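This is target.cif. It holds mmCIF, C-alpha atoms and all ligand atoms.
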data_upload
#
loop_
_atom_site.group_PDB
_atom_site.id
_atom_site.type_symbol
_atom_site.label_atom_id
_atom_site.label_comp_id
_atom_site.auth_asym_id
_atom_site.auth_seq_id
_atom_site.Cartn_x
_atom_site.Cartn_y
_atom_site.Cartn_z
ATOM 1 C CA MET A 129 193.670 203.439 134.572
ATOM 2 C CA SER A 130 195.005 200.587 132.409
ATOM 3 C CA THR A 131 198.609 199.878 131.522
ATOM 4 C CA LEU A 132 200.072 197.633 128.877
ATOM 5 C CA ALA A 133 202.993 195.792 130.493
ATOM 6 C CA ILE A 134 205.726 194.260 128.325
ATOM 7 C CA ASP A 135 208.469 192.071 129.825
ATOM 8 C CA ILE A 136 211.315 191.152 127.467
ATOM 9 C CA GLY A 137 213.423 188.150 128.370
ATOM 10 C CA GLY A 138 216.047 186.109 126.571
ATOM 11 C CA THR A 139 213.596 183.458 125.369
ATOM 12 C CA LYS A 140 210.115 184.941 125.742
ATOM 13 C CA VAL A 141 208.232 188.221 125.828
ATOM 14 C CA ALA A 142 205.321 188.376 128.307
ATOM 15 C CA LEU A 143 202.493 190.860 127.795
ATOM 16 C CA GLY A 144 199.922 191.955 130.341
ATOM 17 C CA LEU A 145 196.923 194.214 130.602
ATOM 18 C CA VAL A 146 197.196 195.663 134.113
ATOM 19 C CA GLN A 147 194.403 197.498 135.932
ATOM 20 C CA ASN A 148 194.873 198.806 139.489
ATOM 21 C CA GLY A 149 197.970 196.646 139.909
ATOM 22 C CA GLU A 150 196.114 193.475 138.836
ATOM 23 C CA LEU A 151 196.950 191.431 135.780
ATOM 24 C CA ILE A 152 193.646 191.232 133.877
ATOM 25 C CA GLU A 153 194.915 189.565 130.703
ATOM 26 C CA ARG A 154 198.194 187.885 129.793
ATOM 27 C CA ALA A 155 199.843 186.788 126.565
ATOM 28 C CA GLN A 156 203.242 185.494 125.566
ATOM 29 C CA LEU A 157 205.429 185.128 122.474
ATOM 30 C CA ALA A 158 208.936 183.916 121.707
ATOM 31 C CA THR A 159 211.469 186.775 121.824
ATOM 32 C CA PRO A 160 211.659 188.138 118.247
ATOM 33 C CA GLU A 161 214.930 187.183 116.576
ATOM 34 C CA THR A 162 215.152 190.248 114.376
ATOM 35 C CA THR A 163 217.791 192.892 115.074
ATOM 36 C CA CYS A 164 215.616 195.587 113.454
ATOM 37 C CA VAL A 165 213.972 197.688 116.179
ATOM 38 C CA GLN A 166 210.886 198.546 114.073
ATOM 39 C CA GLU A 167 210.285 194.876 113.309
ATOM 40 C CA PHE A 168 210.991 193.817 116.935
ATOM 41 C CA ALA A 169 208.429 196.331 118.234
ATOM 42 C CA SER A 170 205.768 195.482 115.660
ATOM 43 C CA GLN A 171 206.049 191.720 116.306
ATOM 44 C CA ILE A 172 205.376 192.388 119.990
ATOM 45 C CA LEU A 173 202.551 194.880 119.416
ATOM 46 C CA ALA A 174 200.879 192.502 116.945
ATOM 47 C CA GLN A 175 200.138 190.193 119.904
ATOM 48 C CA CYS A 176 198.207 192.827 121.845
ATOM 49 C CA ARG A 177 196.596 195.118 119.251
ATOM 50 C CA SER A 178 193.153 194.917 120.907
ATOM 51 C CA TRP A 179 194.535 196.114 124.257
ATOM 52 C CA ILE A 180 196.359 199.173 122.950
ATOM 53 C CA HIS A 181 193.304 201.410 122.516
ATOM 54 C CA GLN A 182 192.226 200.540 126.113
ATOM 55 C CA VAL A 183 195.458 201.623 127.814
ATOM 56 C CA THR A 184 196.702 205.029 128.904
ATOM 57 C CA GLN A 185 200.363 204.058 129.035
ATOM 58 C CA ILE A 186 202.911 201.348 128.333
ATOM 59 C CA GLY A 187 205.521 200.012 130.775
ATOM 60 C CA ILE A 188 208.439 197.906 129.560
ATOM 61 C CA SER A 189 210.800 195.788 131.648
ATOM 62 C CA THR A 190 213.668 194.186 129.803
ATOM 63 C CA THR A 191 216.769 192.135 130.270
ATOM 64 C CA GLY A 192 219.843 194.282 129.615
ATOM 65 C CA TRP A 193 221.300 197.618 130.625
ATOM 66 C CA VAL A 194 218.644 200.256 130.032
ATOM 67 C CA LYS A 195 220.112 203.660 129.205
ATOM 68 C CA PRO A 196 218.198 206.739 127.981
ATOM 69 C CA GLU A 197 219.331 206.039 124.398
ATOM 70 C CA GLY A 198 218.314 202.373 124.437
ATOM 71 C CA ILE A 199 219.065 198.862 125.673
ATOM 72 C CA THR A 200 222.535 197.301 125.562
ATOM 73 C CA SER A 201 223.594 193.799 126.613
ATOM 74 C CA ILE A 202 225.844 193.195 129.607
ATOM 75 C CA ASN A 203 225.928 189.491 128.808
ATOM 76 C CA PRO A 204 225.154 189.025 125.086
ATOM 77 C CA ASP A 205 224.930 185.250 125.708
ATOM 78 C CA THR A 206 221.547 185.833 127.414
ATOM 79 C CA LEU A 207 220.217 188.229 124.741
ATOM 80 C CA ALA A 208 222.310 190.097 122.185
ATOM 81 C CA PHE A 209 220.774 193.501 121.453
ATOM 82 C CA PRO A 210 222.273 195.554 118.628
ATOM 83 C CA GLN A 211 223.574 198.500 120.637
ATOM 84 C CA PRO A 212 221.928 200.736 121.650
ATOM 85 C CA PHE A 213 218.459 199.356 120.914
ATOM 86 C CA PRO A 214 215.934 202.250 121.183
ATOM 87 C CA LEU A 215 212.896 200.024 121.816
ATOM 88 C CA HIS A 216 211.012 202.453 124.079
ATOM 89 C CA LYS A 217 211.161 205.199 121.414
ATOM 90 C CA GLU A 218 209.947 202.768 118.742
ATOM 91 C CA ILE A 219 207.025 201.494 120.863
ATOM 92 C CA GLU A 220 206.095 205.117 121.578
ATOM 93 C CA ALA A 221 206.226 205.952 117.859
ATOM 94 C CA GLN A 222 204.102 202.942 116.878
ATOM 95 C CA THR A 223 201.418 203.438 119.575
ATOM 96 C CA ASP A 224 201.414 207.159 120.369
ATOM 97 C CA LYS A 225 201.234 206.302 124.107
ATOM 98 C CA PRO A 226 203.631 207.390 126.871
ATOM 99 C CA VAL A 227 206.239 204.655 127.427
ATOM 100 C CA ALA A 228 208.440 203.970 130.478
ATOM 101 C CA ILE A 229 211.244 201.408 130.496
ATOM 102 C CA LEU A 230 213.377 199.749 133.184
ATOM 103 C CA ASN A 231 215.718 196.797 133.476
ATOM 104 C CA ASP A 232 213.653 193.681 134.316
ATOM 105 C CA ALA A 233 215.105 193.073 137.792
ATOM 106 C CA GLN A 234 215.021 196.783 138.693
ATOM 107 C CA ALA A 235 211.322 196.796 137.745
ATOM 108 C CA ALA A 236 210.615 193.653 139.789
ATOM 109 C CA ALA A 237 212.543 195.101 142.744
ATOM 110 C CA TRP A 238 210.305 198.155 142.759
ATOM 111 C CA TYR A 239 207.132 196.056 142.424
ATOM 112 C CA GLU A 240 208.173 193.647 145.186
ATOM 113 C CA TYR A 241 209.236 196.486 147.475
ATOM 114 C CA ARG A 242 205.849 198.160 147.108
ATOM 115 C CA SER A 243 204.070 194.858 147.801
ATOM 116 C CA LEU A 244 205.814 194.295 151.145
ATOM 117 C CA LYS A 245 203.564 194.165 154.204
ATOM 118 C CA LYS A 246 206.214 195.352 156.664
ATOM 119 C CA THR A 247 208.163 198.608 156.596
ATOM 120 C CA VAL A 248 211.587 198.098 155.101
ATOM 121 C CA ASN A 249 214.112 200.711 153.978
ATOM 122 C CA ASN A 250 216.705 198.745 152.052
ATOM 123 C CA MET A 251 216.021 195.722 149.875
ATOM 124 C CA ALA A 252 217.564 193.824 146.971
ATOM 125 C CA TYR A 253 215.705 191.724 144.436
ATOM 126 C CA ILE A 254 217.578 188.860 142.803
ATOM 127 C CA THR A 255 216.216 186.974 139.819
ATOM 128 C CA VAL A 256 217.841 183.615 139.161
ATOM 129 C CA SER A 257 216.679 182.849 135.649
ATOM 130 C CA THR A 258 218.446 182.718 132.259
ATOM 131 C CA GLY A 259 220.916 185.115 133.870
ATOM 132 C CA VAL A 260 221.170 186.442 137.417
ATOM 133 C CA GLY A 261 219.661 189.926 137.550
ATOM 134 C CA GLY A 262 219.186 192.338 140.406
ATOM 135 C CA GLY A 263 217.529 195.525 141.552
ATOM 136 C CA LEU A 264 218.205 197.687 144.604
ATOM 137 C CA VAL A 265 215.775 199.748 146.659
ATOM 138 C CA LEU A 266 217.718 202.011 149.026
ATOM 139 C CA ASN A 267 216.124 204.373 151.524
ATOM 140 C CA GLY A 268 212.755 203.485 149.995
ATOM 141 C CA GLN A 269 213.737 204.455 146.443
ATOM 142 C CA LEU A 270 214.748 202.435 143.411
ATOM 143 C CA TYR A 271 218.497 203.013 143.045
ATOM 144 C CA LYS A 272 219.730 203.076 139.443
ATOM 145 C CA GLY A 273 223.102 204.778 139.909
ATOM 146 C CA SER A 274 224.751 207.374 137.661
ATOM 147 C CA GLN A 275 224.442 205.388 134.432
ATOM 148 C CA HIS A 276 221.372 203.260 135.284
ATOM 149 C CA LEU A 277 223.595 200.164 135.717
ATOM 150 C CA ALA A 278 223.038 199.677 139.466
ATOM 151 C CA GLY A 279 221.697 196.286 140.464
ATOM 152 C CA HIS A 280 223.702 194.223 137.980
ATOM 153 C CA ILE A 281 224.820 192.149 140.958
ATOM 154 C CA GLY A 282 224.899 188.962 138.888
ATOM 155 C CA HIS A 283 228.119 190.415 137.488
ATOM 156 C CA THR A 284 229.977 190.652 140.772
ATOM 157 C CA SER A 285 232.734 188.044 140.833
ATOM 158 C CA ILE A 286 232.833 185.508 143.653
ATOM 159 C CA ASP A 287 235.583 183.278 142.211
ATOM 160 C CA LEU A 288 238.725 184.732 140.610
ATOM 161 C CA ASN A 289 239.389 181.305 139.066
ATOM 162 C CA GLY A 290 235.766 180.685 138.088
ATOM 163 C CA PRO A 291 234.244 180.312 134.612
ATOM 164 C CA VAL A 292 234.480 183.189 132.144
ATOM 165 C CA CYS A 293 231.164 185.070 132.082
ATOM 166 C CA GLY A 294 229.555 186.360 128.872
ATOM 167 C CA CYS A 295 230.182 189.888 130.230
ATOM 168 C CA GLY A 296 233.948 189.347 129.996
ATOM 169 C CA GLN A 297 234.754 188.946 133.698
ATOM 170 C CA ARG A 298 235.669 185.700 135.445
ATOM 171 C CA GLY A 299 233.665 184.002 138.201
ATOM 172 C CA CYS A 300 230.560 186.236 138.103
ATOM 173 C CA VAL A 301 227.626 184.960 140.178
ATOM 174 C CA GLU A 302 225.753 184.650 136.858
ATOM 175 C CA SER A 303 228.450 182.365 135.397
ATOM 176 C CA ILE A 304 228.020 179.980 138.354
ATOM 177 C CA ALA A 305 224.388 180.278 139.467
ATOM 178 C CA SER A 306 222.191 181.164 136.461
ATOM 179 C CA GLY A 307 219.847 178.752 134.737
ATOM 180 C CA THR A 308 222.258 178.854 131.790
ATOM 181 C CA ALA A 309 225.232 177.960 134.024
ATOM 182 C CA ILE A 310 223.342 175.149 135.779
ATOM 183 C CA ASN A 311 222.269 173.711 132.450
ATOM 184 C CA ARG A 312 225.795 173.877 131.027
ATOM 185 C CA VAL A 313 227.167 171.817 133.938
ATOM 186 C CA ALA A 314 224.225 169.380 133.861
ATOM 187 C CA ARG A 315 224.766 168.753 130.145
ATOM 188 C CA GLN A 316 228.499 168.196 130.685
ATOM 189 C CA THR A 317 228.123 165.851 133.645
ATOM 190 C CA ILE A 318 224.678 164.197 133.513
ATOM 191 C CA HIS A 319 223.282 164.076 129.982
ATOM 192 C CA PRO A 320 224.081 166.153 126.861
ATOM 193 C CA THR A 321 220.446 167.166 126.265
ATOM 194 C CA ILE A 322 219.035 167.418 129.814
ATOM 195 C CA SER A 323 216.758 170.438 130.444
ATOM 196 C CA ASN A 324 216.602 172.331 133.727
ATOM 197 C CA ILE A 325 213.066 171.039 134.350
ATOM 198 C CA GLU A 326 214.430 167.494 134.045
ATOM 199 C CA LEU A 327 217.408 168.362 136.249
ATOM 200 C CA PHE A 328 215.200 169.675 139.072
ATOM 201 C CA LYS A 329 213.010 166.526 138.850
ATOM 202 C CA LEU A 330 216.075 164.292 138.904
ATOM 203 C CA ALA A 331 217.487 166.147 141.906
ATOM 204 C CA ARG A 332 214.640 164.802 144.088
ATOM 205 C CA ASP A 333 216.555 161.531 144.396
ATOM 206 C CA ASP A 334 219.877 162.041 142.658
ATOM 207 C CA ALA A 335 222.760 163.556 144.637
ATOM 208 C CA GLN A 336 224.787 164.564 141.566
ATOM 209 C CA ALA A 337 221.861 166.561 140.153
ATOM 210 C CA MET A 338 221.181 168.120 143.575
ATOM 211 C CA ASP A 339 224.846 169.152 143.864
ATOM 212 C CA ILE A 340 224.560 171.262 140.709
ATOM 213 C CA ILE A 341 221.562 173.110 142.179
ATOM 214 C CA LYS A 342 223.340 173.456 145.537
ATOM 215 C CA LYS A 343 226.347 175.163 143.881
ATOM 216 C CA SER A 344 223.990 177.731 142.371
ATOM 217 C CA ALA A 345 222.202 178.316 145.696
ATOM 218 C CA HIS A 346 225.550 178.615 147.471
ATOM 219 C CA ALA A 347 226.691 181.303 145.021
ATOM 220 C CA VAL A 348 223.431 183.233 145.489
ATOM 221 C CA ALA A 349 223.742 182.917 149.292
ATOM 222 C CA GLN A 350 227.244 184.397 149.029
ATOM 223 C CA LEU A 351 225.823 187.213 146.919
ATOM 224 C CA CYS A 352 223.167 187.899 149.604
ATOM 225 C CA CYS A 353 225.886 188.118 152.285
ATOM 226 C CA ASN A 354 228.058 190.345 150.074
ATOM 227 C CA LEU A 355 225.081 192.663 149.611
ATOM 228 C CA LYS A 356 224.406 192.687 153.352
ATOM 229 C CA ALA A 357 228.039 193.641 153.979
ATOM 230 C CA THR A 358 227.947 196.356 151.300
ATOM 231 C CA LEU A 359 224.513 197.887 151.845
ATOM 232 C CA ASP A 360 223.282 196.589 155.229
ATOM 233 C CA LEU A 361 220.026 195.429 153.654
ATOM 234 C CA ASP A 362 216.884 194.583 155.625
ATOM 235 C CA LEU A 363 215.717 192.020 153.110
ATOM 236 C CA VAL A 364 216.533 190.123 149.923
ATOM 237 C CA CYS A 365 213.675 189.013 147.685
ATOM 238 C CA ILE A 366 214.327 186.140 145.262
ATOM 239 C CA GLY A 367 212.459 185.352 142.046
ATOM 240 C CA GLY A 368 213.070 183.944 138.566
ATOM 241 C CA GLY A 369 212.454 180.506 137.076
ATOM 242 C CA VAL A 370 215.273 178.867 139.052
ATOM 243 C CA GLY A 371 214.902 180.989 142.193
ATOM 244 C CA LEU A 372 211.196 180.167 142.525
ATOM 245 C CA THR A 373 211.612 176.372 142.474
ATOM 246 C CA GLU A 374 210.572 174.714 145.744
ATOM 247 C CA VAL A 375 214.068 173.678 146.833
ATOM 248 C CA TYR A 376 215.917 176.867 145.997
ATOM 249 C CA ILE A 377 215.218 179.451 148.738
ATOM 250 C CA PRO A 378 215.487 176.847 151.547
ATOM 251 C CA LEU A 379 218.945 175.936 150.179
ATOM 252 C CA VAL A 380 219.984 179.608 150.031
ATOM 253 C CA LEU A 381 218.808 180.062 153.639
ATOM 254 C CA ASP A 382 220.771 176.965 154.759
ATOM 255 C CA TYR A 383 223.963 178.438 153.326
ATOM 256 C CA ILE A 384 223.307 181.903 154.767
ATOM 257 C CA GLU A 385 222.945 180.305 158.210
ATOM 258 C CA THR A 386 226.523 179.052 157.981
ATOM 259 C CA MET A 387 227.891 182.585 157.367
ATOM 260 C CA PRO A 388 229.014 185.007 160.108
ATOM 261 C CA ALA A 389 226.006 186.585 161.847
ATOM 262 C CA ALA A 390 226.840 190.137 160.706
ATOM 263 C CA PHE A 391 226.398 189.124 157.051
ATOM 264 C CA GLN A 392 223.201 187.127 157.428
ATOM 265 C CA VAL A 393 220.071 188.628 155.874
ATOM 266 C CA ASP A 394 216.380 187.696 155.613
ATOM 267 C CA VAL A 395 215.327 186.165 152.315
ATOM 268 C CA VAL A 396 211.756 186.049 150.971
ATOM 269 C CA LYS A 397 210.128 184.695 147.816
ATOM 270 C CA ALA A 398 208.804 187.109 145.166
ATOM 271 C CA THR A 399 205.061 187.679 145.657
ATOM 272 C CA GLY A 400 204.712 188.451 141.956
ATOM 273 C CA ASP A 401 205.925 184.912 141.330
ATOM 274 C CA TYR A 402 206.825 184.302 137.671
ATOM 275 C CA ASP A 403 205.204 187.639 136.735
ATOM 276 C CA ALA A 404 207.241 189.889 139.084
ATOM 277 C CA CYS A 405 209.052 191.548 136.134
ATOM 278 C CA LEU A 406 205.797 191.951 134.152
ATOM 279 C CA LEU A 407 203.985 193.511 137.130
ATOM 280 C CA GLY A 408 207.119 195.612 137.662
ATOM 281 C CA ALA A 409 206.828 196.924 134.114
ATOM 282 C CA ALA A 410 203.414 198.369 135.031
ATOM 283 C CA ALA A 411 204.489 199.470 138.543
ATOM 284 C CA GLN A 412 206.749 202.156 137.040
ATOM 285 C CA PHE A 413 203.676 204.388 136.838
ATOM 286 C CA SER A 414 202.482 203.870 140.440
HETATM 287 C C1 LIG B 501 221.866 189.543 132.512
HETATM 288 C C2 LIG B 501 221.638 190.955 131.975
HETATM 289 C C3 LIG B 501 220.764 191.734 132.970
HETATM 290 C C4 LIG B 501 219.476 190.980 133.321
HETATM 291 C C5 LIG B 501 219.831 189.580 133.833
HETATM 292 C C6 LIG B 501 218.588 188.716 134.101
HETATM 293 C C7 LIG B 501 221.709 191.190 129.508
HETATM 294 C C8 LIG B 501 220.981 190.994 128.207
HETATM 295 N N1 LIG B 501 221.020 190.879 130.649
HETATM 296 O O1 LIG B 501 222.674 189.619 133.634
HETATM 297 O O2 LIG B 501 220.452 192.999 132.455
HETATM 298 O O3 LIG B 501 218.761 191.691 134.291
HETATM 299 O O4 LIG B 501 220.637 188.900 132.830
HETATM 300 O O5 LIG B 501 217.859 188.598 132.912
HETATM 301 O O6 LIG B 501 222.835 191.593 129.505
HETATM 302 P P1 LIG B 501 216.872 187.365 132.624
HETATM 303 O O7 LIG B 501 216.494 187.487 131.182
HETATM 304 O O8 LIG B 501 217.611 186.120 132.946
HETATM 305 O O9 LIG B 501 215.726 187.555 133.577
HETATM 306 ZN ZN ZN B 502 229.421 188.635 134.305
#

Render the structure in this file as structure tokens.
Amino acid sequence: MSTLAIDIGGTKVALGLVQNGELIERAQLATPETTCVQEFASQILAQCRSWIHQVTQIGISTTGWVKPEGITSINPDTLAFPQPFPLHKEIEAQTDKPVAILNDAQAAAWYEYRSLKKTVNNMAYITVSTGVGGGLVLNGQLYKGSQHLAGHIGHTSIDLNGPVCGCGQRGCVESIASGTAINRVARQTIHPTISNIELFKLARDDAQAMDIIKKSAHAVAQLCCNLKATLDLDLVCIGGGVGLTEVYIPLVLDYIETMPAAFQVDVVKATGDYDACLLGAAAQFS
């Protein structure tokens, strides 16, 4: 059975043809800028027309709060959807295939949980990317909560005097640790046009650059301990463009080691690597 997987992020949309959990083909496009749902869907489908007749179903993972009526933004600075954005209904209408949709980090959480070698009951997935997203698997099941919002752990505040987050709160983990937050500080303090790729390279032998990355890792370590205290997790899995860099998880682990033993938790790297959300889009059917 083949699935078309679509992962919608703030800057790019990844597409995959998935067979038996394996990514057979992959494509990518810049996230459409249109606010028209028909146009948004057709720009995406235009990139994978030849796959559509081969697939039985379509799985979407997307940044944003996914409700039955459509997607809405929690932090419009990462991607501003006109609200609600009924993308799943539009993709279904344009393809005549069954469509399932989940928040990107919820989808990756489910994929990563099912890929684990050891038996675990309670796990969180954290993506440190444009934003900081999350997904929770509790008692072996993806936990979405009453309104499908559960897992938006990037929007838990860890500093009452911290920066204002795009969601409207102050001191959210996302406002301190995300790729966007790191880049904002790097541009203010190092160079006005520095990219995150350049920042991570510079950090190999520049303490000021490394400090910016350390602040992000410290915030994510605090989030891991907060989750351990709240949910008594067995494991936290970290992914995302920032989270998957070589230095990041070791830094998070260093900070966790300094916390009280009761709040310490195991941290592993996402096995789906940069495609955890895309594979998660397809994993909704398995
Ligand atoms: C934001 C929020 C989450 C998302 C997370 C990571 C929006 C549009 N998105 O917190 O729903 O899971 O970013 O998203 O409000 P990413 O695009 O950085 O992977
Ligand atoms: Zn926030």

Env. residues ligand LIG 501 (chain B) / 8 Å / only C-alpha atoms and all ligand atoms / as a ChimeraX atom specification:
/A:136-139,190-194,200-209,231-234,255-262,280,282-283,295,302,306-307,368

With only C-alpha atoms and all ligand atoms as the atoms that count, which of A:Glu374, A:Asp287, A:Asp360, A:Asp135 lies nearest to ligand ZN 502 (chain B)?
A:Asp287

Could you write out as a ChimeraX atom specification the residues that the PyMOL selection byres (((chain A and resi 337) around 12) and not hetatm) matches in the shown file?
/A:310-311,313-319,322-336,338-344

Once the PyMOL selection byres (((chain A and resi 276) around 8) and not hetatm) has been applied to the shown file, what residues remain in the selection, as a list in words?
Trp193, Val194, Lys195, Lys272, Gly273, Ser274, Gln275, Leu277 and Ala278 of chain A

Let me have the centre and edge lengths in Å, one decimal, of the box along x, y and z around every listed atom of range 331-336 of chain A with 8 Å of margin on each side, as lines of an AutoDock Vina configuration file.
center_x = 219.7
center_y = 163.8
center_z = 143.1
size_x = 26.1
size_y = 20.6
size_z = 19.1

Run the PyMOL selection byres (((chain A and resi 188) around 10) and not hetatm) on the file and write out the hits as a list in words.
Leu132, Ala133, Ile134, Asp135, Ile136, Leu143, Ile186, Gly187, Ser189, Thr190, Leu215, His216, Ile219, Val227, Ala228, Ile229, Leu230, Asn231, Asp232, Ala235, Cys405, Leu406, Leu407, Gly408, Ala409, Ala410, Ala411 and Gln412 of chain A

Atoms kept (C-alpha atoms) for selection, written as a PDB file, in the coordinates of the input:
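Below you can see result16.pdb, which holds the result:
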ATOM      1  CA  LEU A 132     200.072 197.633 128.877  1.00  0.00           C
ATOM      2  CA  ALA A 133     202.993 195.792 130.493  1.00  0.00           C
ATOM      3  CA  ILE A 134     205.726 194.260 128.325  1.00  0.00           C
ATOM      4  CA  ASP A 135     208.469 192.071 129.825  1.00  0.00           C
ATOM      5  CA  ILE A 136     211.315 191.152 127.467  1.00  0.00           C
ATOM      6  CA  LEU A 143     202.493 190.860 127.795  1.00  0.00           C
ATOM      7  CA  ILE A 186     202.911 201.348 128.333  1.00  0.00           C
ATOM      8  CA  GLY A 187     205.521 200.012 130.775  1.00  0.00           C
ATOM      9  CA  SER A 189     210.800 195.788 131.648  1.00  0.00           C
ATOM     10  CA  THR A 190     213.668 194.186 129.803  1.00  0.00           C
ATOM     11  CA  LEU A 215     212.896 200.024 121.816  1.00  0.00           C
ATOM     12  CA  HIS A 216     211.012 202.453 124.079  1.00  0.00           C
ATOM     13  CA  ILE A 219     207.025 201.494 120.863  1.00  0.00           C
ATOM     14  CA  VAL A 227     206.239 204.655 127.427  1.00  0.00           C
ATOM     15  CA  ALA A 228     208.440 203.970 130.478  1.00  0.00           C
ATOM     16  CA  ILE A 229     211.244 201.408 130.496  1.00  0.00           C
ATOM     17  CA  LEU A 230     213.377 199.749 133.184  1.00  0.00           C
ATOM     18  CA  ASN A 231     215.718 196.797 133.476  1.00  0.00           C
ATOM     19  CA  ASP A 232     213.653 193.681 134.316  1.00  0.00           C
ATOM     20  CA  ALA A 235     211.322 196.796 137.745  1.00  0.00           C
ATOM     21  CA  CYS A 405     209.052 191.548 136.134  1.00  0.00           C
ATOM     22  CA  LEU A 406     205.797 191.951 134.152  1.00  0.00           C
ATOM     23  CA  LEU A 407     203.985 193.511 137.130  1.00  0.00           C
ATOM     24  CA  GLY A 408     207.119 195.612 137.662  1.00  0.00           C
ATOM     25  CA  ALA A 409     206.828 196.924 134.114  1.00  0.00           C
ATOM     26  CA  ALA A 410     203.414 198.369 135.031  1.00  0.00           C
ATOM     27  CA  ALA A 411     204.489 199.470 138.543  1.00  0.00           C
ATOM     28  CA  GLN A 412     206.749 202.156 137.040  1.00  0.00           C
TER      29      GLN A 412
END

Would you output range 146-159 of chain A from that structure, restricted to N, CA, C and O atoms, as a PDB file, in the first residue's frame?
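And here's out37.pdb as it stands now:
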ATOM      1  N   VAL A 146       5.525   6.985   0.095  1.00  0.00           N
ATOM      2  CA  VAL A 146       5.917   6.061   1.165  1.00  0.00           C
ATOM      3  C   VAL A 146       5.272   4.699   0.938  1.00  0.00           C
ATOM      4  O   VAL A 146       4.061   4.598   0.750  1.00  0.00           O
ATOM      5  N   GLN A 147       6.143   3.664   0.919  1.00  0.00           N
ATOM      6  CA  GLN A 147       5.644   2.287   0.771  1.00  0.00           C
ATOM      7  C   GLN A 147       6.181   1.450   1.919  1.00  0.00           C
ATOM      8  O   GLN A 147       7.393   1.441   2.140  1.00  0.00           O
ATOM      9  N   ASN A 148       5.321   0.770   2.638  1.00  0.00           N
ATOM     10  CA  ASN A 148       5.715  -0.037   3.800  1.00  0.00           C
ATOM     11  C   ASN A 148       6.633   0.727   4.744  1.00  0.00           C
ATOM     12  O   ASN A 148       7.656   0.221   5.195  1.00  0.00           O
ATOM     13  N   GLY A 149       6.290   1.964   5.029  1.00  0.00           N
ATOM     14  CA  GLY A 149       7.054   2.779   5.970  1.00  0.00           C
ATOM     15  C   GLY A 149       8.348   3.340   5.413  1.00  0.00           C
ATOM     16  O   GLY A 149       9.076   4.046   6.102  1.00  0.00           O
ATOM     17  N   GLU A 150       8.672   3.031   4.150  1.00  0.00           N
ATOM     18  CA  GLU A 150       9.926   3.510   3.547  1.00  0.00           C
ATOM     19  C   GLU A 150       9.629   4.647   2.577  1.00  0.00           C
ATOM     20  O   GLU A 150       8.667   4.574   1.806  1.00  0.00           O
ATOM     21  N   LEU A 151      10.501   5.638   2.616  1.00  0.00           N
ATOM     22  CA  LEU A 151      10.388   6.756   1.686  1.00  0.00           C
ATOM     23  C   LEU A 151      11.012   6.347   0.354  1.00  0.00           C
ATOM     24  O   LEU A 151      12.212   6.166   0.247  1.00  0.00           O
ATOM     25  N   ILE A 152      10.154   6.180  -0.681  1.00  0.00           N
ATOM     26  CA  ILE A 152      10.641   5.689  -1.971  1.00  0.00           C
ATOM     27  C   ILE A 152      11.073   6.861  -2.861  1.00  0.00           C
ATOM     28  O   ILE A 152      12.042   6.801  -3.589  1.00  0.00           O
ATOM     29  N   GLU A 153      10.287   7.942  -2.789  1.00  0.00           N
ATOM     30  CA  GLU A 153      10.617   9.137  -3.575  1.00  0.00           C
ATOM     31  C   GLU A 153      10.376  10.359  -2.699  1.00  0.00           C
ATOM     32  O   GLU A 153       9.528  10.335  -1.805  1.00  0.00           O
ATOM     33  N   ARG A 154      11.097  11.434  -2.991  1.00  0.00           N
ATOM     34  CA  ARG A 154      10.979  12.647  -2.177  1.00  0.00           C
ATOM     35  C   ARG A 154      11.049  13.875  -3.070  1.00  0.00           C
ATOM     36  O   ARG A 154      11.790  13.889  -4.055  1.00  0.00           O
ATOM     37  N   ALA A 155      10.275  14.874  -2.750  1.00  0.00           N
ATOM     38  CA  ALA A 155      10.335  16.139  -3.490  1.00  0.00           C
ATOM     39  C   ALA A 155      10.112  17.277  -2.500  1.00  0.00           C
ATOM     40  O   ALA A 155       9.710  17.042  -1.356  1.00  0.00           O
ATOM     41  N   GLN A 156      10.395  18.466  -2.930  1.00  0.00           N
ATOM     42  CA  GLN A 156      10.289  19.615  -2.026  1.00  0.00           C
ATOM     43  C   GLN A 156       9.922  20.881  -2.789  1.00  0.00           C
ATOM     44  O   GLN A 156      10.300  21.028  -3.952  1.00  0.00           O
ATOM     45  N   LEU A 157       9.188  21.780  -2.171  1.00  0.00           N
ATOM     46  CA  LEU A 157       8.913  23.081  -2.786  1.00  0.00           C
ATOM     47  C   LEU A 157       8.848  24.127  -1.683  1.00  0.00           C
ATOM     48  O   LEU A 157       8.679  23.776  -0.512  1.00  0.00           O
ATOM     49  N   ALA A 158       8.993  25.380  -2.052  1.00  0.00           N
ATOM     50  CA  ALA A 158       8.856  26.459  -1.072  1.00  0.00           C
ATOM     51  C   ALA A 158       7.391  26.514  -0.652  1.00  0.00           C
ATOM     52  O   ALA A 158       6.494  26.282  -1.478  1.00  0.00           O
ATOM     53  N   THR A 159       7.121  26.809   0.621  1.00  0.00           N
ATOM     54  CA  THR A 159       5.736  26.887   1.092  1.00  0.00           C
ATOM     55  C   THR A 159       4.982  27.945   0.267  1.00  0.00           C
ATOM     56  O   THR A 159       5.430  29.093   0.178  1.00  0.00           O
TER      57      THR A 159
END
